[in-house]
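Peer 1: Structure provided below as structure tokens; questions to follow.
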Amino acid sequence: MRIARLGVVGLAALAAACGGDEKPAQYRVGGTVTGLSGGGLGLRLNGAESLTRQSDGPFTFEQRLDDKSAYTVTVNTQPAEQDCTVEGGTGKVAGADVTSVQVRCATKTYTVGGTVEGVRGTLVLGLEGGEQLSVTQAGRFTFTTKRPKGGAYTVSVATAPQGQRCTVTSGSGTVAGNVEGISVRCLDWFDLVSTQAATGVIGQVDFDTSTANQNQGAGPGRGTLNGPFGNPALANGRLYVTDQNSNRVLGFTGIPAADGAEAAFVLGQTSFTSTTYGAGQAALDTPAGLSSDGTLVAVADKANSRVLLYTTPPTSTEARPARVIGQPTFEANTAQCDQKSLNFPEGVFVGHGKLLVADTASSRVLVWNTLPTTNEAPADLVLGQVSFTTCAENDADGENGTDANPSASTLWNPTGVWTDGRRLVVADNFNNRVLVWNQFPTRNGQPADVVLGQASFTTNAAATTQSGLSAPTAVTSTGLQFLVADNGNNRVLVWNQYPTTPGAPADLVLGQPDFTTAYTYDPTTVGSNPSARSLQQPSGLLLAWPHLLVSDTKNNRVLVFQSR
């Protein structure tokens, strides 16, 4: 037994002598820091041990790792205004101390960017210092080049898209973090000149005739017009034109390239040869202005005292409006003065989430701040009147009687309305003026800020001058350029800068040889026939770059002008 025990002990001793209980060798992990300034760098080994460095140089963690074990070195704390990255920070110990980890620090930099609105085509933005960035759609943009805190930045428009002018807001400053508030807004620009000739005509086969329905004995057809009134509309590549005296709206596939083009479909009638007026979901009675935001199409159905809303742009004669505003049903057509009713409306605008109606015979403009989802939805706001139940012209005191003079808060037979969501413009027809609100109104009867066509808010005489107006019927704008269909002066006035001062003069005129004439026929020969340069009681406008469409009512046509 004793001998056996000694044998066991001997075996154990022998095993120990051969290294049976020997621990693995251990090594340390470290490397080098470069580029550090200001200190405050925190490093961590395998998510556990931390060390802090204040300057460049070698570093070594205290913890020892077994040979062949894994290691990971990470940045635990970044130094102020620096970004430090680890190179070679992962691996396995291989029989020696690890000294190859590299931590490189650089000055922290920030992105420069913002938002582009309204771009059509390719916009090239420049960041001072050399980088140029191409932007082809609205939304966010960010330059690749970054700037350090305290560094200066300047962003400018290097190249604007064809037919647009773009402005930069908050485009320069000092970097304090990621720059995200730069705003670039692109607006269409129409290169027009006075007395410019139209390039196309709708409703007539040439520019020299003006008879209704092209003098067809059988009445209207697919390509004829009889008193087109109000703004045309464009939605999803389809053009809509009101043919007022035929109680219909013609639908074209795009803006016609040939004179006298035929419509693809008709609304308000069962065929292209009928002109019956009526109420109901499929009928119209003296339709006036149109408008579209690209999704909705709105029709001011004047004599039915209502606005019809198509929630999908119509594409066929069978199309029907989804909603009616101003009446409880499609069959009703009673004119009234209240928050839910209309009285012979001639102008409508849909866009920027709003619906606006020039409620002409009630001398007011009604505003829906959100698009109506039900029939006879009540308006949110009224302009031109102190309340929803007063409807007299130029009635500032709300006593349902006409005051001696107009004011900044009154209207008389308004016919056209436009907004960009920020500003509001109304064609105040019988007051021979256009009213401008520099901020979108928020209260009933809110007075306008600027008047055009008059020297003050208290006058309303018609004038044929560079700053005068006579029965303006329609207004529109790119947001920069500003246009008025000056119906009584047989012309369209164009301001190349959005007017901000009372009585601001126009920059150019279409339809006349100068600002002091109001010819009804060709402005160059003053003959007895219309031409590609003449207008007679224009009542509607549509900007669809590069085209400007003008409803030339008395010439029974729509003229198509083109940016040069």
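Identifiers for the structure tokens are assigned positionally: chains receive A, B, ... in sequence, residues are indexed from 1 per chain, and ligands are indexed from 1 in the order shown.
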Which neighbours of A:Val350 fall inside 9 Å, counting only C-alpha atoms, when residues of the same chain fewer than 6 positions from it are skipped, and could you give them as a list of chain:residue names?
Peer 2: A:Ser291, A:Ser292, A:Asp293, A:Leu296, A:Val297, A:Ala298, A:Leu356, A:Val357, A:Leu371, A:Trp418, A:Thr419
Peer 1: Tell me, which residues of stretch 347-515 of chain A carry DSSP helix (DSSP H, G or I), written as a list in words?
Peer 2: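 Helix (DSSP H, G or I) members of stretch 347-515 of chain A, listed: Thr360, Ala361, Ser362, Asn429, Phe430, Asn431, Asn487, Gly488 and Asn489 of chain A.
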Peer 1: Go ahead and write the selection's residues with N, CA and C atoms as a compact mmCIF listing (two decimals), in the first residue's frame.
Peer 2:
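For reference, result-v8.txt as written:
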```
# COMPACT_ATOMS: atom_id res chain seq x y z
N THR A 360 -69.05 85.97 -55.99
CA THR A 360 -69.12 87.24 -56.70
C THR A 360 -70.32 88.10 -56.32
N ALA A 361 -71.53 87.56 -56.45
CA ALA A 361 -72.73 88.36 -56.22
C ALA A 361 -72.93 88.73 -54.75
N SER A 362 -72.22 88.06 -53.85
CA SER A 362 -72.28 88.42 -52.43
C SER A 362 -71.10 89.30 -52.02
N ASN A 429 -63.39 93.23 -58.94
CA ASN A 429 -63.78 93.61 -60.29
C ASN A 429 -64.43 94.99 -60.40
N PHE A 430 -65.54 95.21 -59.69
CA PHE A 430 -66.26 96.48 -59.84
C PHE A 430 -65.55 97.65 -59.16
N ASN A 431 -64.61 97.37 -58.26
CA ASN A 431 -63.81 98.43 -57.65
C ASN A 431 -62.57 98.74 -58.48
N ASN A 487 -59.71 93.03 -67.74
CA ASN A 487 -60.80 92.76 -68.66
C ASN A 487 -61.27 93.99 -69.41
N GLY A 488 -61.55 95.08 -68.68
CA GLY A 488 -62.10 96.28 -69.31
C GLY A 488 -61.12 97.01 -70.20
N ASN A 489 -59.83 96.75 -70.02
CA ASN A 489 -58.81 97.38 -70.85
C ASN A 489 -58.29 96.44 -71.94
```
Peer 1: If you run DSSP on this backbone, which residues of stretch 44-241 of chain A come out as strand (DSSP E), and could you give them as a count of residues only?
Peer 2: 104
Peer 1: Determine the nearest neighbour of A:Ser528 from the options A:Phe349, A:Asp208, A:Pro513, A:Gly237, counting only C-alpha atoms.
Peer 2: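 The shortest atom-to-atom distance to A:Ser528 comes from A:Asp208.
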Peer 1: Find the distance between atom CA of A:Phe59 and atom CA of A:Ser100 and write it in Å to one decimal.
Peer 2: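 One can read the atom CA of A:Phe59 to atom CA of A:Ser100 distance as 10.5 Å.
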